[in-house]
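File shown: structure-v6.tsv. Contents: TSV, C-alpha atoms.
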chain	number	residue	atom	x	y	z
A	117	MET	CA	-34.60	-62.64	-38.79
A	118	GLY	CA	-37.01	-64.52	-36.53
A	119	LYS	CA	-37.11	-64.41	-32.77
A	120	ILE	CA	-34.70	-66.70	-30.95
A	121	THR	CA	-36.67	-69.33	-29.05
A	122	LYS	CA	-35.81	-71.87	-26.39
A	123	LYS	CA	-35.79	-74.56	-29.10
A	124	HIS	CA	-33.08	-72.70	-31.00
A	125	LEU	CA	-31.03	-72.29	-27.84
A	126	LEU	CA	-31.42	-75.94	-26.84
A	127	PHE	CA	-30.36	-77.08	-30.31
A	128	LEU	CA	-27.29	-74.83	-30.28
A	129	GLY	CA	-26.45	-75.91	-26.73
A	130	ILE	CA	-26.61	-79.61	-27.59
A	131	LEU	CA	-24.42	-79.08	-30.64
A	132	LEU	CA	-21.91	-77.14	-28.56
A	133	PHE	CA	-21.57	-79.81	-25.88
A	134	LEU	CA	-21.45	-82.64	-28.41
A	135	TRP	CA	-18.51	-80.78	-29.93
A	136	PHE	CA	-16.95	-80.42	-26.46
A	137	ALA	CA	-17.37	-84.18	-25.93
A	138	TYR	CA	-15.72	-84.90	-29.28
A	139	TYR	CA	-12.86	-82.50	-28.56
A	140	ALA	CA	-12.33	-83.99	-25.09
A	141	ALA	CA	-12.30	-87.51	-26.57
A	142	THR	CA	-9.65	-86.56	-29.12
A	143	ARG	CA	-7.53	-85.07	-26.32
A	144	GLY	CA	-8.06	-88.01	-23.98
A	145	VAL	CA	-9.70	-85.93	-21.24
A	146	GLN	CA	-12.41	-88.41	-20.27
A	147	LEU	CA	-14.07	-86.47	-17.45
A	148	TYR	CA	-14.91	-83.56	-19.74
A	149	ILE	CA	-16.77	-86.03	-21.94
A	150	ALA	CA	-18.94	-86.96	-18.95
A	151	ASP	CA	-19.40	-83.28	-18.04
A	152	SER	CA	-20.56	-82.51	-21.59
A	153	PHE	CA	-23.37	-85.06	-21.42
A	154	VAL	CA	-24.30	-83.96	-17.90
A	155	PHE	CA	-24.70	-80.41	-19.23
A	156	ILE	CA	-26.83	-81.62	-22.15
A	157	GLY	CA	-29.08	-83.28	-19.59
A	158	ILE	CA	-29.24	-80.05	-17.57
A	159	LEU	CA	-30.19	-78.04	-20.66
A	160	ILE	CA	-32.97	-80.50	-21.47
A	161	VAL	CA	-34.33	-80.34	-17.89
A	162	PHE	CA	-34.38	-76.53	-17.93
A	163	TYR	CA	-35.94	-76.60	-21.40
A	164	TYR	CA	-38.99	-78.32	-19.91
A	165	LEU	CA	-38.93	-76.06	-16.83
A	166	TYR	CA	-38.52	-72.92	-18.97
A	167	GLU	CA	-42.04	-71.50	-18.56
A	168	HIS	CA	-42.48	-72.72	-15.00
A	169	LEU	CA	-39.30	-70.93	-13.92
A	170	ARG	CA	-40.28	-67.84	-15.95
A	171	MET	CA	-37.01	-68.05	-17.84
A	172	THR	CA	-36.07	-65.81	-20.76
A	173	PRO	CA	-33.71	-66.26	-23.73
A	174	PHE	CA	-31.15	-64.30	-21.69
A	175	SER	CA	-31.26	-66.60	-18.65
A	176	TYR	CA	-31.27	-69.75	-20.80
A	177	SER	CA	-28.34	-68.41	-22.81
A	178	MET	CA	-26.49	-67.66	-19.57
A	179	LEU	CA	-27.08	-71.26	-18.50
A	180	ILE	CA	-25.41	-72.47	-21.70
A	181	ILE	CA	-22.55	-70.00	-21.27
A	182	ALA	CA	-21.99	-70.96	-17.63
A	183	CYS	CA	-21.72	-74.64	-18.53
A	184	ALA	CA	-19.51	-73.87	-21.53
A	185	LEU	CA	-17.10	-71.83	-19.39
A	186	HIS	CA	-16.57	-74.88	-17.20
A	187	ASN	CA	-16.02	-77.13	-20.20
A	188	ALA	CA	-13.51	-74.65	-21.63
A	189	GLY	CA	-11.14	-76.18	-19.11
A	190	VAL	CA	-10.54	-78.81	-21.79
A	191	PHE	CA	-8.40	-76.16	-23.54
A	192	GLY	CA	-6.11	-76.00	-20.52
A	193	TRP	CA	-7.52	-72.69	-19.34
A	194	TYR	CA	-7.57	-73.83	-15.71
A	195	TYR	CA	-3.79	-74.04	-16.05
A	196	LYS	CA	-3.32	-70.82	-18.02
A	197	SER	CA	-6.24	-68.42	-18.18
A	198	PRO	CA	-6.78	-66.54	-21.47
A	199	LEU	CA	-7.87	-63.50	-19.47
A	200	PRO	CA	-5.51	-60.55	-18.95
A	201	TYR	CA	-3.30	-60.87	-15.90
A	202	ILE	CA	-4.17	-58.52	-13.05
A	203	ASP	CA	-1.75	-58.05	-10.15
A	204	PRO	CA	-3.41	-56.30	-7.18
A	205	PHE	CA	-0.60	-54.61	-5.24
A	206	TRP	CA	-2.21	-55.44	-1.90
A	207	GLN	CA	-1.85	-59.22	-2.21
A	208	GLN	CA	1.82	-60.13	-2.39
A	209	HIS	CA	1.42	-63.84	-1.66
A	210	ILE	CA	-1.48	-64.79	-3.93
A	211	SER	CA	-1.55	-62.05	-6.58
A	212	ALA	CA	-0.71	-64.51	-9.36
A	213	HIS	CA	-3.80	-66.50	-8.54
A	214	ILE	CA	-6.44	-63.78	-8.61
A	215	PHE	CA	-8.89	-64.22	-11.49
A	216	GLN	CA	-8.11	-67.83	-12.23
A	217	TRP	CA	-10.39	-69.45	-14.80
A	218	ASP	CA	-11.96	-71.33	-11.89
A	219	HIS	CA	-13.02	-68.00	-10.37
A	220	ILE	CA	-14.72	-66.94	-13.59
A	221	THR	CA	-16.66	-70.19	-13.85
A	222	HIS	CA	-17.85	-69.86	-10.26
A	223	LEU	CA	-18.87	-66.22	-10.66
A	224	VAL	CA	-20.80	-66.75	-13.90
A	225	GLY	CA	-22.26	-70.07	-12.76
A	226	ILE	CA	-23.70	-68.72	-9.52
A	227	PHE	CA	-24.80	-65.52	-11.27
A	228	THR	CA	-26.83	-67.67	-13.66
A	229	ILE	CA	-28.36	-69.88	-10.98
A	230	THR	CA	-29.24	-66.89	-8.79
A	231	TYR	CA	-30.73	-64.96	-11.71
A	232	ILE	CA	-32.96	-67.91	-12.60
A	233	LEU	CA	-34.07	-68.09	-8.96
A	234	PHE	CA	-34.79	-64.35	-9.05
A	235	GLN	CA	-36.90	-64.64	-12.19
A	236	TYR	CA	-38.98	-67.38	-10.65
A	237	LEU	CA	-39.41	-65.86	-7.19
A	238	SER	CA	-40.01	-62.29	-8.39
A	239	GLN	CA	-43.63	-63.26	-9.04
A	240	TYR	CA	-44.06	-63.33	-5.26
A	241	PHE	CA	-42.70	-59.81	-4.75
A	242	LYS	CA	-45.23	-57.57	-3.05
A	243	GLY	CA	-44.41	-54.04	-2.01
A	244	LYS	CA	-42.11	-54.08	1.00
A	245	ASN	CA	-41.00	-57.70	0.69
A	246	VAL	CA	-38.81	-57.05	-2.38
A	247	LEU	CA	-35.72	-56.41	-0.25
A	248	THR	CA	-36.38	-59.40	2.00
A	249	LEU	CA	-36.84	-61.78	-0.93
A	250	SER	CA	-33.78	-60.35	-2.66
A	251	VAL	CA	-31.62	-61.10	0.37
A	252	LEU	CA	-33.06	-64.63	0.57
A	253	ILE	CA	-32.34	-65.16	-3.14
A	254	VAL	CA	-28.71	-64.09	-2.64
A	255	LEU	CA	-28.41	-66.57	0.23
A	256	ALA	CA	-30.07	-69.28	-1.87
A	257	GLY	CA	-27.63	-68.70	-4.72
A	258	MET	CA	-24.70	-68.87	-2.30
A	259	GLY	CA	-26.19	-72.06	-0.89
A	260	VAL	CA	-26.17	-73.66	-4.33
A	261	GLY	CA	-22.50	-72.71	-4.52
A	262	VAL	CA	-21.86	-74.63	-1.30
A	263	VAL	CA	-23.62	-77.67	-2.77
A	264	ILE	CA	-21.26	-77.44	-5.75
A	265	GLU	CA	-18.29	-77.49	-3.36
A	266	HIS	CA	-19.75	-80.65	-1.80
A	267	TYR	CA	-20.08	-82.10	-5.31
A	268	GLU	CA	-16.40	-81.40	-5.95
A	269	PHE	CA	-15.49	-82.95	-2.60
A	270	LEU	CA	-17.51	-86.03	-3.53
A	271	GLY	CA	-15.45	-86.21	-6.71
A	272	SER	CA	-12.22	-86.18	-4.74
A	273	LEU	CA	-13.49	-89.17	-2.77
A	274	THR	CA	-14.80	-91.18	-5.73
A	275	VAL	CA	-13.08	-90.23	-8.98
A	276	GLY	CA	-9.80	-89.03	-7.53
A	277	GLU	CA	-7.20	-87.15	-9.55
A	278	GLY	CA	-8.23	-85.62	-12.86
A	279	GLU	CA	-9.88	-82.77	-14.71
A	280	GLY	CA	-13.60	-82.07	-14.97
A	281	GLY	CA	-16.38	-81.44	-12.51
A	282	LEU	CA	-15.75	-84.56	-10.42
A	283	GLY	CA	-12.01	-84.75	-10.91
A	284	LYS	CA	-9.88	-83.53	-8.03
A	285	GLY	CA	-6.40	-82.18	-8.30
A	286	GLY	CA	-6.88	-80.31	-11.56
A	287	ALA	CA	-5.46	-76.86	-12.05
A	288	GLY	CA	-8.67	-75.22	-10.84
A	289	ASP	CA	-8.54	-77.00	-7.49
A	290	TYR	CA	-5.46	-75.40	-6.01
A	291	THR	CA	-4.26	-71.91	-5.14
A	292	LEU	CA	-0.53	-71.90	-4.62
A	293	ASN	CA	0.75	-69.87	-1.68
A	294	ASP	CA	3.18	-70.03	1.19
A	295	TRP	CA	0.94	-69.15	4.11
A	296	ALA	CA	-2.25	-71.27	4.04
A	297	SER	CA	-3.63	-74.65	2.98
A	298	SER	CA	-4.07	-74.72	-0.80
A	299	ASP	CA	-7.35	-76.66	-0.67
A	300	TRP	CA	-8.79	-74.38	2.01
A	301	LEU	CA	-7.79	-71.22	0.16
A	302	ASN	CA	-9.25	-72.53	-3.10
A	303	VAL	CA	-12.59	-73.25	-1.46
A	304	MET	CA	-12.66	-69.81	0.19
A	305	TRP	CA	-11.95	-68.06	-3.12
A	306	ASP	CA	-14.67	-70.13	-4.78
A	307	LEU	CA	-17.15	-69.00	-2.13
A	308	VAL	CA	-16.08	-65.36	-2.50
A	309	TYR	CA	-16.72	-65.42	-6.24
A	310	ASN	CA	-19.97	-67.31	-5.67
A	311	SER	CA	-21.09	-64.46	-3.41
A	312	ILE	CA	-20.11	-61.82	-5.98
A	313	GLY	CA	-22.03	-63.68	-8.68
A	314	ALA	CA	-25.14	-63.99	-6.50
A	315	ILE	CA	-25.14	-60.31	-5.56
A	316	LEU	CA	-24.63	-59.20	-9.17
A	317	ALA	CA	-27.49	-61.45	-10.31
A	318	VAL	CA	-29.93	-59.95	-7.83
A	319	GLY	CA	-28.75	-56.46	-8.80
A	320	VAL	CA	-29.44	-57.15	-12.49
A	321	GLY	CA	-32.71	-58.84	-11.57
A	322	LEU	CA	-33.88	-55.84	-9.55
A	323	VAL	CA	-33.10	-53.43	-12.40
A	324	ASN	CA	-35.12	-55.55	-14.85
A	325	TYR	CA	-37.91	-56.01	-12.30
A	326	LYS	CA	-38.26	-52.24	-11.81
A	327	ARG	CA	-38.30	-51.68	-15.56
A	328	ARG	CA	-41.17	-54.13	-15.93
A	329	ASN	CA	-43.11	-52.63	-13.07

Please rewrite the model in this file as structure tokens.
Amino acid sequence: MGKITKKHLLFLGILLFLWFAYYAATRGVQLYIADSFVFIGILIVFYYLYEHLRMTPFSYSMLIIACALHNAGVFGWYYKSPLPYIDPFWQQHISAHIFQWDHITHLVGIFTITYILFQYLSQYFKGKNVLTLSVLIVLAGMGVGVVIEHYEFLGSLTVGEGEGGLGKGGAGDYTLNDWASSDWLNVMWDLVYNSIGAILAVGVGLVNYKRRN
């Protein structure tokens, strides 16, 4: 079996999101059709930036997976996650909303973005500046997460109600509770999982960096 290349991954990614677009069209979920073609465009852009960003089959595959996890919302997973239910005893008010599908997409998405940033910027690591650059990469990954929140807010102002990246009011946009604003709590949880994803990405990046050096 030959080595998997970026061409193979791009081809598989395009097929996957064309299928997502078809599935969304048959279910009448229009915004996921738009998201599918946006993700195809993103995959093509990163295909041409692959060498410049020092990407690997792993990081490119994670990019496809991160986008696919978002599009899996077309199956209704933002309403009912396929993941096992976990009820932390220390959160009586919001225990049913820990580990929503939205949280998984944020964690994996920011992990992927931060890991790609790490791969690119690791070429500038020199001796004592590894820790400093690692902290900056974590902050950069978290910053991208904030931009995504702005993107979602823009969707609420332009597209309005609906599913998908720009749609507002979908199941992934609210965290039900009886003690705080649902929108505010949802954004805060998104940022928490963004932070976890960014920290994990730098941790994995540092392990791989030390192995190479």

Go through A:Met258, A:Ile312, A:Val161, A:Val320 one by one, measure the shortest atom-to-atom distance of each to A:Ile229 using only C-alpha atoms, and give the residue with the smallest value.
->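 So, comparing all the options, the nearest one is A:Met258.
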
The residue from A:Asn187, A:Ser177, A:Thr228, A:Asn310 with the smallest atom-to-atom distance to A:Ile149, counting only C-alpha atoms, is A:Asn187

I'd like the contact shell of A:Gly225 - 8 Å cut-off, all atoms listed in the file, skipping same-chain residues fewer than 2 positions apart - returned as a PDB file with C-alpha atoms, in the coordinates of the input.
ATOM      1  CA  LEU A 179     -27.080 -71.260 -18.500  1.00  0.00           C
ATOM      2  CA  ALA A 182     -21.990 -70.960 -17.630  1.00  0.00           C
ATOM      3  CA  CYS A 183     -21.720 -74.640 -18.530  1.00  0.00           C
ATOM      4  CA  THR A 221     -16.660 -70.190 -13.850  1.00  0.00           C
ATOM      5  CA  HIS A 222     -17.850 -69.860 -10.260  1.00  0.00           C
ATOM      6  CA  LEU A 223     -18.870 -66.220 -10.660  1.00  0.00           C
ATOM      7  CA  PHE A 227     -24.800 -65.520 -11.270  1.00  0.00           C
ATOM      8  CA  THR A 228     -26.830 -67.670 -13.660  1.00  0.00           C
ATOM      9  CA  ILE A 229     -28.360 -69.880 -10.980  1.00  0.00           C
ATOM     10  CA  ASN A 310     -19.970 -67.310  -5.670  1.00  0.00           C
ATOM     11  CA  GLY A 313     -22.030 -63.680  -8.680  1.00  0.00           C
TER      12      GLY A 313
END

Between atom CA of A:Phe174 and atom CA of A:Leu131, distance in Å (one decimal) |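 Between atom CA of A:Phe174 and atom CA of A:Leu131 the gap is 18.5 Å.
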
Tell me, as a list in words, which residues lie within 12 Å of A:Ser238, counting all atoms listed in the file; anything in the same chain fewer than 3 positions away does not count.
->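 Close residues of A:Ser238: Leu169, Arg170, Met171, Thr230, Tyr231, Ile232, Leu233, Phe234, Gln235, Phe241, Lys242, Gly243, Asn245, Val246, Leu247, Thr248, Leu249, Ser250, Leu252, Ile253, Val318, Gly321, Leu322, Val323, Asn324, Tyr325, Lys326, Arg328 and Asn329 of chain A.
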
Nearest to A:Gly144: which of A:Tyr163, A:Val251, A:Ile220, A:Phe191 is it, counting only C-alpha atoms?
->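 Comparing A:Tyr163, A:Val251, A:Ile220, A:Phe191 against A:Gly144, the winner is A:Phe191.
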
Shell around A:Ile158 at 12 Å using only C-alpha atoms, local window under 6 positions removed, as a PyMOL selection string | chain A and resi 126+129-130+133+151-152+164-166+176+179-180+182-183

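Reported to one decimal place, the separation of atom CA of A:Glu265 from atom CA of A:Ala314 is 15.5 Å.
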
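The two atoms in question, atom CA of A:Val308 and atom CA of A:Val260, are spaced 13.2 Å apart.
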
Selected residue of minimal separation from A:Phe162 among A:Lys123, A:Gln239, A:His186, A:Ser197, counting all atoms listed in the file =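 The answer is A:Lys123, which sits nearest to A:Phe162.
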
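Of the residues listed (A:Leu128, A:Ile160, A:Leu255, A:Ala140), A:Leu255 shows the shortest atom-to-atom separation from A:Ile226; distances use all atoms listed in the file.
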
Padding 6 Å on each side, edges along x, y and z: where is the centre of the box around the listed atoms of stretch 224-236 of chain A, and how long are its edges in Å to one decimal? Output it as JSON.
{"center_x": -29.9, "center_y": -67.2, "center_z": -11.3, "size_x": 30.2, "size_y": 17.7, "size_z": 17.1}
